[in-house]
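The structure appears right after this line, and notes come after that.
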2 protein chains.
Amino acid sequence: MAAVAELTQYTNTARRFSSEVSYASTRISGRRRLHLRPIRNSGIRCSVTSNEVQAAPEAVKAEEVKKKAECYGVFCLTYDLKAEEETKSWKKLVNIAVSGAAGMISNHLLFKLASGEVLGYDQPIALKLLGSERSLQALEGVAMELEDSLFPLLREVSIGIDPYEVFQDADWALLIGAKPRGPGMERAALLDINGQIFGKALNAVASRDVKVLVVGNPCNTNALICMKNAPNIPAKNFHALTRLDENRAKCQLALKAGVFYDKVSNVTIWGNHSTTQVPDFLNARINSLPVKEVIKDTKWLEEEFTNKVQTRGGVLIKKWGRSSAASTAVSIVDAMRSLVTPTPEGDWFSTAVYTNGNPYGIADDIVFSMPCRSNGDGDYELVKDVEFDDYLWNRIKTTEAELLAEKKCVAHLTGEGIAVCDLPGDTMLPGEM
Amino acid sequence: MAAVAELTQYTNTARRFSSEVSYASTRISGRRRLHLRPIRNSGIRCSVTSNEVQAAPEAVKAEEVKKKAECYGVFCLTYDLKAEEETKSWKKLVNIAVSGAAGMISNHLLFKLASGEVLGYDQPIALKLLGSERSLQALEGVAMELEDSLFPLLREVSIGIDPYEVFQDADWALLIGAKPRGPGMERAALLDINGQIFGKALNAVASRDVKVLVVGNPCNTNALICMKNAPNIPAKNFHALTRLDENRAKCQLALKAGVFYDKVSNVTIWGNHSTTQVPDFLNARINSLPVKEVIKDTKWLEEEFTNKVQTRGGVLIKKWGRSSAASTAVSIVDAMRSLVTPTPEGDWFSTAVYTNGNPYGIADDIVFSMPCRSNGDGDYELVKDVEFDDYLWNRIKTTEAELLAEKKCVAHLTGEGIAVCDLPGDTMLPGEM
């Protein structure tokens with residue numbers, strides 16, 4: 001009886017909110033699931049009996065999870081609008097799609113997203129996890145652990161291997177990993193193909209204002225491919241992750257200056273997330289002073305600093321025996337937060353974005369890490385008041401040249417003709433094995 | 001020059017707070033480190049020059065980390081009192097010691113602790129990481145990742161392999177793992193020895209009000225051994241983790257009832273964290289109603305429910321390919337939070353604690369999971385208004401018998417005579433491989 005009463009409340013609550021967003025049950029008749037999802041322009045069709053609900057757990061056994069994106073376990077049954085009402089600040093569910101969801105970076109990231117620390121403690125979220133056939137069982141394991149963690153804001157978890165299913169209505173697409181390579185495939189080729197597939201899928205089914213953050217390497221050029229295959233999504237919405245590099249640069253500057261890392265600001269990573277990346281100490285500040293006024297050791301800045309930032313991942317793998325999944329996940333959280341919270345006055349953050357219209361004179365039509373500010377609405381603007389000297393500009397030109405070469409290498413995937421590839425091997429992202 | 005100004009500020013700030021807690025620099029002369037740590041009854045002896053600070057990074061290379069607990073990297077240089085002042089809510093640094101710090105559970109847990117989500121966003125913390133000779137390099141990797149994550153509240157990280165060093169002044173001791181076993185050692189014997197070593201070390205050097213949470217299996221009896229070897233610490237301060245079991249039980253009840261898991265309350269895990277554990281559906285509530293009024297399927301409650309909770313870890317290992325480190329870490333966070341935030345009115349949480357003086361008639365002198373409430377000061381009280389029926393009580397007696405047998409088995413480690421061992425194999429904790 002109690003279950004019936006509760007379900008009546010759901011229905012009433014859903015009605016109450018129907019002016020904002022309509023909800024409908026899905027798959028109840030076929031598989032006895034009560035899965036309330038926002039469906040535009042749809043009426044309420046939720047009606048289940050106490051018997052159906054109690055029978056449901058049998059009907060949603062993990063074994064039944066098929067290859068298309070499906071809700072998982074408790075998340076199929078229980079989207080609870082009443083809880084939102086109780087928070088007194090109803091917010092529309094935010095859909096976050098994550099590729100490579102069974103990997104170690106995601107294993108850290110998903111629990112951070114679910115805890116509310118990224119998008120806020122009044123923001124219900126849905127996690128849509130993309131894996132491969134090989135990782136589907138592991139994805140179920142991830143979903144089970146999310147269930148067991150009882151995160152109050154986590155309202156839906158679905159898993160699948162088809163990006164056209166998993167990216168449906170995605171407000172965020174975090175492209176952490178990719179499919180494992182098949183026999184005879186080069187790693188770079190595979191990543192490229194994923195960039196194309198993911199771009200087309202996002203173009204077809206994601207929210208028209210989806211924010212896309214590419215972590216899988218080579219992330220800048222993967223983001224470019226993804227963007228080129230998603231013409232219906234603003235180019236500005238595509239990012240490649242250079243925040244871990246920024247965080248590492250801040251830490252090294254703090255260590256050198258003997259200050260806590262929160263005193264270091266205005267650090268830009270310019271260019272490619274690769275060994276040509278340019279951690280900018282010319283514009284960076286320590287206690288609001290130019291770095292060069294605090295760290296007088298120019299040799300260290302010019303010769304050691306960049307190397308320390310670039311090689312940090314490798315040093316870590318050697319020490320730790322695995323790659324830096326935890327700090328990579330933290331930097332993804334930082335990157336997302338930087339877009340949904342206003343940037344502190346006078347500061348900025350680094351993210352690799354589309355160069356068209358940039359004020360620096362960097363070549364158009366590549367994805368290049370640059371200094372940005374946001375007012376917290378998910379959008380950003382490039383920072384104008386930065387300076388360049390010969391040292392900095394020469395390095396920027398080197399990383400720009402690398403990205404232009406990478407672009408030629410994937411022309412067949414961006415619809416720009418025949419690929420001409422003349423590249424050194426790509427760098428591994430921290431977090432990849 | 002800027003560095004000098006900054007350091008002068010540190011010193012002034014430290015002086016300002018000296019009535020609350022005194023600070024002194026350590027190891028500056030020998031190794032050029034500026035490592036400010038609370039030292040009782042000590043004056044201010046901090047004085048460094050800009051040169052020393054700038055030279056410091058060379059002096060604290062990872063390679064130099066020795067086998068005793070030492071500050072790591074940026075955390076050696078930069079304990080920054082000014083930042084606390086800026087938060088306008090100065091709080092004394094909380095020292096959290098973690099054993100098994102290089103393992104996967106810790107890899108999730110440490111980042112949660114550092115982020116502030118456990119003890120609060122105005123609570124600076126120090127992490128003291130205990131590993132083994134074998135894992136020391138990995139510990140450095142963890143410390144590097146913590147550096148790279150730029151957590152503003154994380155003010156000190158030290159690593160070491162001697163519990164007498166690492167547990168110094170610990171306010172929390174989270175005993176996640178233990179030393180790897182040597183040749184010819186049984187796992188149970190090893191864990192017992194660690195319980196004894198850790199207990200003696202805590203007794204000698206930890207805060208007199210340290211809260212100890214034992215996760216390494218067999219966790220109830222390990223907690224008992226630890227407690228018996230630490231007579232100077234209140235017995236009430238020792239806990240063994242059964243919160244993951246509670247969370248899993250809540251999830252299974254929610255799934256069965258077709259409600260979101262936040263509607264399930266008053267779930268007790270009674271007894272041992274093992275296959276004899278008793279998830280209590282008699283006193284549990286769903287939407288404030290007794291579970292039995294919501295879930296009419298008594299057969300499921302009596303025959304399947306407990307089994308689902310007990311076997312969840314095994315199912316997960318099978319699916320996920322590794323054990324459930326992430327959800328274990330979440331449950332440790334839940335367990336800590338339950339002691340530092342007031343328990344919601346009418347609800348309770350499960351934790352395995354010392355039975356002396358319990359109101360239920362459970363045997364004295366074991367560590368037994370029971371329902372508790374806290375007013376948020378780190379302490380707890382046992383809940384009195386619970387009921388028992390024959391089914392529940394018989395199961396409680398079974399898990400009690402197992403714990404009494406385990407106690408006999410470790411009598412040599414608790415100072416209670418000659419061990420008599422007649423036990424089935426111990427169970428694995430979720431998170432152990």
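Letters for chains follow the order of the structure tokens (A, B, ...), residue numbers begin at 1 for each chain, and ligand numbers begin at 1 in the order shown.
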Inset, instruction - Find the spatial neighbours of region 312-314 of chain A, counting only C-alpha atoms, within a cut-off of 12 Å - ignore same-chain residues fewer than 5 positions away - and output them as number ranges by chain. - result: A: 244-249, 251-252, 274-275, 304-307, 319-328, 427-433; B: 141, 144-145, 147-148
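Distance check against Gly116 (chain A) using only C-alpha atoms: of A:Cys76, A:Trp300, A:Asp262, A:Val333, the minimum falls on A:Val333.
Of the listed residues B:Asp122, B:Asp162, B:Glu293, B:Asp280, the one whose atoms come nearest to chain A is B:Glu293, with distances taken using only C-alpha atoms.
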Inset, instruction - Apply DSSP to the structure's backbone, then extract all residues of region 197-395 of chain B labelled strand (DSSP E or B) and return them as number ranges by chain. - result: B: 211-214, 238-240, 264-265, 268-271, 278-280, 285-286, 289-290, 349-354, 367-373, 381-382
Inset, instruction - Quick one: everything within 10 Å of region 384-397 of chain A, counting only C-alpha atoms, minus sequence neighbours fewer than 3 positions away in the same chain. Send it as a ChimeraX atom specification. - result: /A:266,268-272,276-284,302,358-360,362-363,368,371-372,381,400-403
Legend entry - Polymer residues at most 9 Å from Asn229 (chain B), only C-alpha atoms, same-chain spacing of 5 or more positions, as a list of chain:residue names: B:Gly195, B:Gln196, B:Ile197, B:Phe198, B:Gly199, B:Lys200, B:Ala201, B:Leu202, B:Asn203, B:Leu224, B:Leu413, B:Thr414, B:Gly415
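Those residues that approach Pro342 (chain B) to within 6 Å, counting only C-alpha atoms, are Ser374, Asn375 and Gly376 of chain B; same-chain residues fewer than 2 positions away are not listed.
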Inset, instruction - Could you tell me, as a PyMOL selection string, which residues of region 175-360 of chain B DSSP assigns to alpha helix (DSSP H) when given the backbone? - result: chain B and resi 187-205+219-228+243-257+291-294+298-299+306-320+325-340
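Non-sequential neighbours of Leu175 (chain A) (distance at most 7 Å, separation of 3 or more positions within a chain, only C-alpha atoms) are Val98, Ser99, Leu213, Val214, Val215 and Gly216 of chain A.
The shortest atom-to-atom distance to chain B, with only C-alpha atoms taken into account, belongs to A:His108 out of A:His108, A:Lys407, A:Lys308, A:Lys128.
Between CA of Lys250 (chain A) and CA of Gly103 (chain B) the interatomic distance comes to 26.8 Å.
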Inset, instruction - Find, counting only C-alpha atoms, the residue in B:Asn194, B:Ser135, B:Thr242, B:Ser158 that gets nearest to chain A. - result: B:Ser135
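Minimum distance to chain B across A:Cys409, A:Ile286, A:Val259, A:Leu129 (counting only C-alpha atoms) occurs at A:Val259.
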